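**Q** The file below is start.tsv, TSV, C-alpha atoms:
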chain	number	residue	atom	x	y	z
A	1	MET	CA	0.00	0.00	0.00
A	2	GLU	CA	2.27	2.81	1.26
A	3	ALA	CA	6.04	2.74	1.59
A	4	ASP	CA	5.69	3.59	5.31
A	5	PRO	CA	2.44	2.22	6.79
A	6	ARG	CA	3.02	3.96	10.13
A	7	ALA	CA	3.41	7.37	8.52
A	8	HIS	CA	0.30	6.72	6.44
A	9	ALA	CA	-1.65	5.69	9.56
A	10	LEU	CA	-0.47	8.76	11.46
A	11	ALA	CA	-1.53	11.01	8.58
A	12	TRP	CA	-5.06	9.54	8.64
A	13	LEU	CA	-5.13	9.84	12.43
A	14	ALA	CA	-4.16	13.53	12.24
A	15	LYS	CA	-7.06	14.13	9.85
A	16	ALA	CA	-9.44	12.27	12.20
A	17	ARG	CA	-8.33	14.51	15.08
A	18	GLN	CA	-8.94	17.60	12.94
A	19	ASP	CA	-12.49	16.43	12.41
A	20	LEU	CA	-12.95	15.94	16.17
A	21	ASP	CA	-11.77	19.51	16.69
A	22	ARG	CA	-14.36	20.64	14.15
A	23	VAL	CA	-17.08	18.71	16.01
A	24	ALA	CA	-16.22	20.59	19.20
A	25	ARG	CA	-16.23	23.97	17.42
A	26	CYS	CA	-19.55	23.24	15.72
A	27	LEU	CA	-21.20	22.23	18.99
A	28	ALA	CA	-19.75	25.23	20.84
A	29	ALA	CA	-21.15	27.69	18.29
A	30	GLU	CA	-24.19	29.75	19.18
A	31	PRO	CA	-26.47	28.34	17.98
A	32	PRO	CA	-24.76	24.95	17.65
A	33	ASP	CA	-24.17	23.80	14.09
A	34	THR	CA	-25.42	20.27	14.61
A	35	GLU	CA	-25.52	19.33	10.93
A	36	ASP	CA	-21.82	20.04	10.41
A	37	ALA	CA	-20.99	18.51	13.80
A	38	LEU	CA	-22.63	15.25	12.74
A	39	PHE	CA	-20.86	15.34	9.38
A	40	HIS	CA	-17.52	15.70	11.15
A	41	CYS	CA	-18.41	12.88	13.59
A	42	GLN	CA	-18.80	10.59	10.60
A	43	GLN	CA	-15.62	11.93	9.02
A	44	ALA	CA	-13.58	11.46	12.21
A	45	ALA	CA	-14.77	7.86	12.53
A	46	GLU	CA	-14.12	7.13	8.85
A	47	LYS	CA	-10.59	8.52	9.00
A	48	ALA	CA	-9.85	6.67	12.24
A	49	LEU	CA	-10.90	3.40	10.59
A	50	LYS	CA	-8.74	4.17	7.58
A	51	ALA	CA	-5.87	4.90	9.99
A	52	LEU	CA	-6.30	1.46	11.54
A	53	LEU	CA	-6.31	-0.16	8.12
A	54	ALA	CA	-3.22	1.81	7.10
A	55	ARG	CA	-1.49	0.66	10.32
A	56	HIS	CA	-1.95	-2.91	9.09
A	57	ASP	CA	-0.92	-1.93	5.55
A	58	GLU	CA	-4.38	-3.09	4.48
A	59	PRO	CA	-5.77	-1.53	1.30
A	60	PHE	CA	-9.20	0.12	1.49
A	61	ARG	CA	-11.50	1.62	-1.04
A	62	LYS	CA	-12.77	5.18	-1.17
A	63	THR	CA	-16.01	4.93	0.77
A	64	HIS	CA	-17.99	6.65	3.50
A	65	ASP	CA	-19.57	3.32	4.52
A	66	LEU	CA	-18.52	2.79	8.13
A	67	SER	CA	-20.08	-0.66	8.17
A	68	ALA	CA	-17.82	-1.86	5.35
A	69	LEU	CA	-14.73	-0.21	6.85
A	70	GLY	CA	-15.66	-1.49	10.31
A	71	LYS	CA	-15.93	-5.09	9.10
A	72	GLN	CA	-12.54	-4.78	7.47
A	73	CYS	CA	-11.08	-3.39	10.71
A	74	ALA	CA	-12.80	-6.03	12.87
A	75	ALA	CA	-11.00	-8.75	10.94
A	76	LEU	CA	-7.71	-7.12	12.00
A	77	GLU	CA	-8.72	-5.80	15.43
A	78	PRO	CA	-11.43	-8.24	16.67
A	79	GLU	CA	-11.45	-6.75	20.19
A	80	LEU	CA	-12.98	-3.60	18.67
A	81	THR	CA	-15.93	-5.41	17.04
A	82	SER	CA	-18.66	-4.15	19.38
A	83	LEU	CA	-17.51	-0.53	19.01
A	84	LEU	CA	-17.12	-0.88	15.25
A	85	GLU	CA	-20.68	-2.19	14.91
A	86	ARG	CA	-22.01	0.87	16.74
A	87	LEU	CA	-20.41	3.18	14.17
A	88	ASP	CA	-22.80	2.02	11.42
A	89	ASP	CA	-25.34	4.63	12.53
A	90	LEU	CA	-22.89	7.45	11.75
A	91	THR	CA	-22.58	6.53	8.06
A	92	GLU	CA	-25.56	8.57	6.86
A	93	TYR	CA	-24.13	11.75	8.37
A	94	ALA	CA	-21.64	11.79	5.49
A	95	TRP	CA	-24.43	12.94	3.18
A	96	VAL	CA	-27.84	13.31	4.81
A	97	PHE	CA	-27.46	17.04	5.58
A	98	ARG	CA	-25.07	17.87	2.73
A	99	TYR	CA	-27.38	17.95	-0.29
A	100	PRO	CA	-30.75	19.49	-1.12
A	101	GLY	CA	-33.61	17.03	-1.02
A	102	GLU	CA	-31.87	14.74	1.46
A	103	PHE	CA	-32.56	16.95	4.46
A	104	THR	CA	-34.15	15.53	7.54
A	105	SER	CA	-34.37	17.17	10.92
A	106	PRO	CA	-31.20	16.82	12.98
A	107	PRO	CA	-31.43	14.32	15.82
A	108	ALA	CA	-32.06	15.38	19.40
A	109	GLU	CA	-29.17	16.49	21.60
A	110	PRO	CA	-28.62	13.08	23.28
A	111	GLU	CA	-28.18	11.44	19.88
A	112	ILE	CA	-25.76	14.17	18.80
A	113	GLU	CA	-23.73	13.69	21.99
A	114	ASP	CA	-23.75	9.92	21.41
A	115	ALA	CA	-22.44	10.43	17.86
A	116	ALA	CA	-19.68	12.73	19.15
A	117	GLY	CA	-18.81	10.23	21.88
A	118	LEU	CA	-18.56	7.38	19.37
A	119	ALA	CA	-16.33	9.46	17.12
A	120	ARG	CA	-14.06	10.37	20.03
A	121	GLN	CA	-13.93	6.74	21.18
A	122	ILE	CA	-12.88	5.29	17.82
A	123	VAL	CA	-10.26	8.00	17.31
A	124	LEU	CA	-8.88	7.24	20.78
A	125	GLU	CA	-8.81	3.49	20.10
A	126	ALA	CA	-7.07	4.04	16.77
A	127	ALA	CA	-4.54	6.37	18.40
A	128	LEU	CA	-3.77	3.86	21.16
A	129	ARG	CA	-3.05	1.15	18.58
A	130	ILE	CA	-1.12	3.30	16.15
A	131	GLU	CA	0.93	5.45	18.50
A	132	SER	CA	1.84	2.61	20.86
A	133	ASN	CA	3.61	0.88	17.97
A	134	LEU	CA	5.92	3.74	17.07
Represent the structure from my file as structure tokens, please.
**A**
Amino acid sequence: MEADPRAHALAWLAKARQDLDRVARCLAAEPPDTEDALFHCQQAAEKALKALLARHDEPFRKTHDLSALGKQCAALEPELTSLLERLDDLTEYAWVFRYPGEFTSPPAEPEIEDAAGLARQIVLEAALRIESNL
């Protein structure tokens, strides 16, 4: 895949952390920008999964489907399976608020906080696995 899988994994992890920072900024805005926050939750999770795959030098396709990426990661990191399965619900945030005609009302605050918590958790788990092997 890449000449240096660790560098590639760290690059994806840095992007995932940038998305987490954006989640925090969106939720701290007045009023909160929940649509963009949810988009960045999905993006952080997606990039964290791609970081895990890069760590294993495992090729992955260009996709926003967290279920597909999660299954690929679970084969390599089986102890993360239950967390990875929970990420499926974030997949639609990659597009649901991004285009006209797809709009639905944003979820209630507890669901938004859950999405942010899931994103933070998968980025943390990816970081623990990637950075501990440096």
**Q** Could you check how far atom CA of A:Phe60 sits from atom CA of A:Pro5, in Å to one decimal?
**A**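 According to the coordinates, atom CA of A:Phe60 and atom CA of A:Pro5 are separated by 13.0 Å.
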**Q** Of the residues A:Ala45, A:Pro107, A:Leu118, A:Gln72, which is the one nearest to A:Glu58, using all atoms listed in the file?
**A**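 Using all atoms listed in the file, the shortest distance to A:Glu58 belongs to A:Gln72.
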**Q** I'd like the contact shell of A:Asp114 - 12 Å cut-off, only C-alpha atoms, skipping same-chain residues fewer than 5 positions apart - returned as an mmCIF file with C-alpha atoms, in the frame of the given file.
**A**
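Heads up, here's the output in part-v5.cif:
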data_model
loop_
_atom_site.group_PDB
_atom_site.id
_atom_site.type_symbol
_atom_site.label_atom_id
_atom_site.label_comp_id
_atom_site.auth_asym_id
_atom_site.auth_seq_id
_atom_site.Cartn_x
_atom_site.Cartn_y
_atom_site.Cartn_z
ATOM 1 C CA ALA A 37 -20.990 18.510 13.800
ATOM 2 C CA LEU A 38 -22.630 15.250 12.740
ATOM 3 C CA CYS A 41 -18.410 12.880 13.590
ATOM 4 C CA GLN A 42 -18.800 10.590 10.600
ATOM 5 C CA ARG A 86 -22.010 0.870 16.740
ATOM 6 C CA LEU A 87 -20.410 3.180 14.170
ATOM 7 C CA ASP A 89 -25.340 4.630 12.530
ATOM 8 C CA LEU A 90 -22.890 7.450 11.750
ATOM 9 C CA PRO A 107 -31.430 14.320 15.820
ATOM 10 C CA ALA A 108 -32.060 15.380 19.400
ATOM 11 C CA GLU A 109 -29.170 16.490 21.600
ATOM 12 C CA ALA A 119 -16.330 9.460 17.120
ATOM 13 C CA ARG A 120 -14.060 10.370 20.030
ATOM 14 C CA GLN A 121 -13.930 6.740 21.180
#
**Q** Measuring between all atoms listed in the file, which one of A:Val96, A:Gln43, A:Glu125, A:Ile112 shows the shortest distance to A:Thr81?
**A**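 Answer, going by the shortest atom-to-atom distance: A:Glu125.
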**Q** Given the choices A:Ala68, A:Ala74, A:Leu49, A:Ala9, which gets closest to A:Asp88 if the distance is worked out from only C-alpha atoms?
**A**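 Closest residue, counting only C-alpha atoms: A:Ala68.
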**Q** Please compute the atom CA of A:Ala44-atom CA of A:Pro31 distance, one decimal, in Å.
**A**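 That distance, rounded to one decimal, is 22.0 Å.
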**Q** Find the distance between atom CA of A:Lys47 and atom CA of A:Ser105 and write it in Å to one decimal.
**A**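 Atom-to-atom, atom CA of A:Lys47 to atom CA of A:Ser105, that is 25.4 Å.
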**Q** Using all atoms listed in the file, can you tell me which of A:Arg61, A:Phe97, A:Leu53, A:Ala115 comes closest to A:Asp36?
**A** A:Phe97
**Q** Residues within 12 Å of A:Glu46, please, as a PyMOL selection string. Count all atoms listed in the file; anything in the same chain fewer than 5 positions from it doesn't count.
**A** chain A and resi 12-13+15-17+19-20+39-41+51-53+60-70+73+84+87-88+90-94+118-120+122-123+126
**Q** Would you save stretch 101-131 of chain A from the block above with N, CA, C and O atoms, as a PDB file, in the first residue's frame?
**A**
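Here's the written file part_24.pdb:
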ATOM      1  N   GLY A 101     -32.729  18.167  -0.798  1.00  0.00           N
ATOM      2  CA  GLY A 101     -33.610  17.034  -1.024  1.00  0.00           C
ATOM      3  C   GLY A 101     -33.362  15.870  -0.095  1.00  0.00           C
ATOM      4  O   GLY A 101     -34.198  15.003   0.040  1.00  0.00           O
ATOM      5  N   GLU A 102     -32.200  15.823   0.530  1.00  0.00           N
ATOM      6  CA  GLU A 102     -31.874  14.736   1.457  1.00  0.00           C
ATOM      7  C   GLU A 102     -32.141  15.139   2.904  1.00  0.00           C
ATOM      8  O   GLU A 102     -32.030  14.337   3.803  1.00  0.00           O
ATOM      9  N   PHE A 103     -32.483  16.403   3.111  1.00  0.00           N
ATOM     10  CA  PHE A 103     -32.555  16.952   4.461  1.00  0.00           C
ATOM     11  C   PHE A 103     -33.633  16.281   5.301  1.00  0.00           C
ATOM     12  O   PHE A 103     -34.748  16.092   4.866  1.00  0.00           O
ATOM     13  N   THR A 104     -33.226  15.933   6.490  1.00  0.00           N
ATOM     14  CA  THR A 104     -34.146  15.526   7.540  1.00  0.00           C
ATOM     15  C   THR A 104     -33.790  16.366   8.750  1.00  0.00           C
ATOM     16  O   THR A 104     -32.725  16.978   8.814  1.00  0.00           O
ATOM     17  N   SER A 105     -34.656  16.396   9.712  1.00  0.00           N
ATOM     18  CA  SER A 105     -34.372  17.166  10.921  1.00  0.00           C
ATOM     19  C   SER A 105     -33.208  16.534  11.667  1.00  0.00           C
ATOM     20  O   SER A 105     -33.124  15.313  11.759  1.00  0.00           O
ATOM     21  N   PRO A 106     -32.313  17.375  12.191  1.00  0.00           N
ATOM     22  CA  PRO A 106     -31.200  16.819  12.978  1.00  0.00           C
ATOM     23  C   PRO A 106     -31.728  16.066  14.198  1.00  0.00           C
ATOM     24  O   PRO A 106     -32.791  16.383  14.714  1.00  0.00           O
ATOM     25  N   PRO A 107     -30.998  15.067  14.644  1.00  0.00           N
ATOM     26  CA  PRO A 107     -31.432  14.316  15.825  1.00  0.00           C
ATOM     27  C   PRO A 107     -31.408  15.195  17.074  1.00  0.00           C
ATOM     28  O   PRO A 107     -30.818  16.272  17.088  1.00  0.00           O
ATOM     29  N   ALA A 108     -32.030  14.687  18.112  1.00  0.00           N
ATOM     30  CA  ALA A 108     -32.064  15.383  19.400  1.00  0.00           C
ATOM     31  C   ALA A 108     -30.660  15.407  20.014  1.00  0.00           C
ATOM     32  O   ALA A 108     -29.789  14.612  19.650  1.00  0.00           O
ATOM     33  N   GLU A 109     -30.475  16.294  20.970  1.00  0.00           N
ATOM     34  CA  GLU A 109     -29.169  16.490  21.603  1.00  0.00           C
ATOM     35  C   GLU A 109     -28.536  15.209  22.146  1.00  0.00           C
ATOM     36  O   GLU A 109     -27.328  14.995  21.943  1.00  0.00           O
ATOM     37  N   PRO A 110     -29.275  14.312  22.794  1.00  0.00           N
ATOM     38  CA  PRO A 110     -28.625  13.078  23.278  1.00  0.00           C
ATOM     39  C   PRO A 110     -28.026  12.243  22.145  1.00  0.00           C
ATOM     40  O   PRO A 110     -26.955  11.659  22.303  1.00  0.00           O
ATOM     41  N   GLU A 111     -28.695  12.207  21.010  1.00  0.00           N
ATOM     42  CA  GLU A 111     -28.175  11.445  19.876  1.00  0.00           C
ATOM     43  C   GLU A 111     -26.930  12.108  19.286  1.00  0.00           C
ATOM     44  O   GLU A 111     -25.991  11.439  18.873  1.00  0.00           O
ATOM     45  N   ILE A 112     -26.927  13.432  19.294  1.00  0.00           N
ATOM     46  CA  ILE A 112     -25.756  14.172  18.805  1.00  0.00           C
ATOM     47  C   ILE A 112     -24.562  13.909  19.728  1.00  0.00           C
ATOM     48  O   ILE A 112     -23.452  13.654  19.262  1.00  0.00           O
ATOM     49  N   GLU A 113     -24.800  13.956  21.032  1.00  0.00           N
ATOM     50  CA  GLU A 113     -23.728  13.685  21.990  1.00  0.00           C
ATOM     51  C   GLU A 113     -23.229  12.243  21.864  1.00  0.00           C
ATOM     52  O   GLU A 113     -22.032  11.983  21.996  1.00  0.00           O
ATOM     53  N   ASP A 114     -24.136  11.314  21.605  1.00  0.00           N
ATOM     54  CA  ASP A 114     -23.745   9.921  21.408  1.00  0.00           C
ATOM     55  C   ASP A 114     -22.858   9.787  20.173  1.00  0.00           C
ATOM     56  O   ASP A 114     -21.836   9.090  20.211  1.00  0.00           O
ATOM     57  N   ALA A 115     -23.239  10.467  19.085  1.00  0.00           N
ATOM     58  CA  ALA A 115     -22.440  10.428  17.857  1.00  0.00           C
ATOM     59  C   ALA A 115     -21.043  11.000  18.115  1.00  0.00           C
ATOM     60  O   ALA A 115     -20.034  10.427  17.689  1.00  0.00           O
ATOM     61  N   ALA A 116     -20.981  12.115  18.839  1.00  0.00           N
ATOM     62  CA  ALA A 116     -19.684  12.727  19.153  1.00  0.00           C
ATOM     63  C   ALA A 116     -18.859  11.806  20.047  1.00  0.00           C
ATOM     64  O   ALA A 116     -17.642  11.655  19.852  1.00  0.00           O
ATOM     65  N   GLY A 117     -19.513  11.158  20.995  1.00  0.00           N
ATOM     66  CA  GLY A 117     -18.809  10.228  21.878  1.00  0.00           C
ATOM     67  C   GLY A 117     -18.256   9.028  21.121  1.00  0.00           C
ATOM     68  O   GLY A 117     -17.126   8.593  21.371  1.00  0.00           O
ATOM     69  N   LEU A 118     -19.040   8.496  20.186  1.00  0.00           N
ATOM     70  CA  LEU A 118     -18.563   7.380  19.368  1.00  0.00           C
ATOM     71  C   LEU A 118     -17.362   7.796  18.527  1.00  0.00           C
ATOM     72  O   LEU A 118     -16.380   7.052  18.419  1.00  0.00           O
ATOM     73  N   ALA A 119     -17.446   8.969  17.936  1.00  0.00           N
ATOM     74  CA  ALA A 119     -16.328   9.457  17.120  1.00  0.00           C
ATOM     75  C   ALA A 119     -15.065   9.607  17.971  1.00  0.00           C
ATOM     76  O   ALA A 119     -13.984   9.163  17.578  1.00  0.00           O
ATOM     77  N   ARG A 120     -15.221  10.208  19.143  1.00  0.00           N
ATOM     78  CA  ARG A 120     -14.057  10.365  20.035  1.00  0.00           C
ATOM     79  C   ARG A 120     -13.490   9.008  20.438  1.00  0.00           C
ATOM     80  O   ARG A 120     -12.274   8.809  20.470  1.00  0.00           O
ATOM     81  N   GLN A 121     -14.374   8.056  20.718  1.00  0.00           N
ATOM     82  CA  GLN A 121     -13.927   6.741  21.176  1.00  0.00           C
ATOM     83  C   GLN A 121     -13.140   6.003  20.098  1.00  0.00           C
ATOM     84  O   GLN A 121     -12.088   5.419  20.384  1.00  0.00           O
ATOM     85  N   ILE A 122     -13.600   6.023  18.860  1.00  0.00           N
ATOM     86  CA  ILE A 122     -12.879   5.288  17.818  1.00  0.00           C
ATOM     87  C   ILE A 122     -11.558   5.981  17.483  1.00  0.00           C
ATOM     88  O   ILE A 122     -10.568   5.308  17.211  1.00  0.00           O
ATOM     89  N   VAL A 123     -11.531   7.308  17.547  1.00  0.00           N
ATOM     90  CA  VAL A 123     -10.256   7.999  17.306  1.00  0.00           C
ATOM     91  C   VAL A 123      -9.269   7.652  18.423  1.00  0.00           C
ATOM     92  O   VAL A 123      -8.091   7.383  18.152  1.00  0.00           O
ATOM     93  N   LEU A 124      -9.743   7.617  19.656  1.00  0.00           N
ATOM     94  CA  LEU A 124      -8.877   7.238  20.783  1.00  0.00           C
ATOM     95  C   LEU A 124      -8.356   5.817  20.625  1.00  0.00           C
ATOM     96  O   LEU A 124      -7.159   5.569  20.805  1.00  0.00           O
ATOM     97  N   GLU A 125      -9.239   4.889  20.281  1.00  0.00           N
ATOM     98  CA  GLU A 125      -8.815   3.488  20.102  1.00  0.00           C
ATOM     99  C   GLU A 125      -7.795   3.361  18.968  1.00  0.00           C
ATOM    100  O   GLU A 125      -6.811   2.625  19.088  1.00  0.00           O
ATOM    101  N   ALA A 126      -8.025   4.073  17.880  1.00  0.00           N
ATOM    102  CA  ALA A 126      -7.070   4.038  16.768  1.00  0.00           C
ATOM    103  C   ALA A 126      -5.732   4.614  17.220  1.00  0.00           C
ATOM    104  O   ALA A 126      -4.670   4.043  16.938  1.00  0.00           O
ATOM    105  N   ALA A 127      -5.777   5.731  17.932  1.00  0.00           N
ATOM    106  CA  ALA A 127      -4.541   6.371  18.400  1.00  0.00           C
ATOM    107  C   ALA A 127      -3.761   5.444  19.326  1.00  0.00           C
ATOM    108  O   ALA A 127      -2.535   5.334  19.221  1.00  0.00           O
ATOM    109  N   LEU A 128      -4.447   4.774  20.234  1.00  0.00           N
ATOM    110  CA  LEU A 128      -3.774   3.855  21.159  1.00  0.00           C
ATOM    111  C   LEU A 128      -3.034   2.754  20.405  1.00  0.00           C
ATOM    112  O   LEU A 128      -1.906   2.391  20.746  1.00  0.00           O
ATOM    113  N   ARG A 129      -3.655   2.253  19.349  1.00  0.00           N
ATOM    114  CA  ARG A 129      -3.053   1.148  18.583  1.00  0.00           C
ATOM    115  C   ARG A 129      -1.936   1.630  17.657  1.00  0.00           C
ATOM    116  O   ARG A 129      -0.945   0.935  17.471  1.00  0.00           O
ATOM    117  N   ILE A 130      -2.098   2.794  17.109  1.00  0.00           N
ATOM    118  CA  ILE A 130      -1.118   3.298  16.152  1.00  0.00           C
ATOM    119  C   ILE A 130       0.089   3.900  16.867  1.00  0.00           C
ATOM    120  O   ILE A 130       1.238   3.581  16.565  1.00  0.00           O
ATOM    121  N   GLU A 131      -0.168   4.751  17.844  1.00  0.00           N
ATOM    122  CA  GLU A 131       0.928   5.453  18.505  1.00  0.00           C
ATOM    123  C   GLU A 131       1.710   4.561  19.456  1.00  0.00           C
ATOM    124  O   GLU A 131       2.883   4.822  19.715  1.00  0.00           O
TER     125      GLU A 131
END
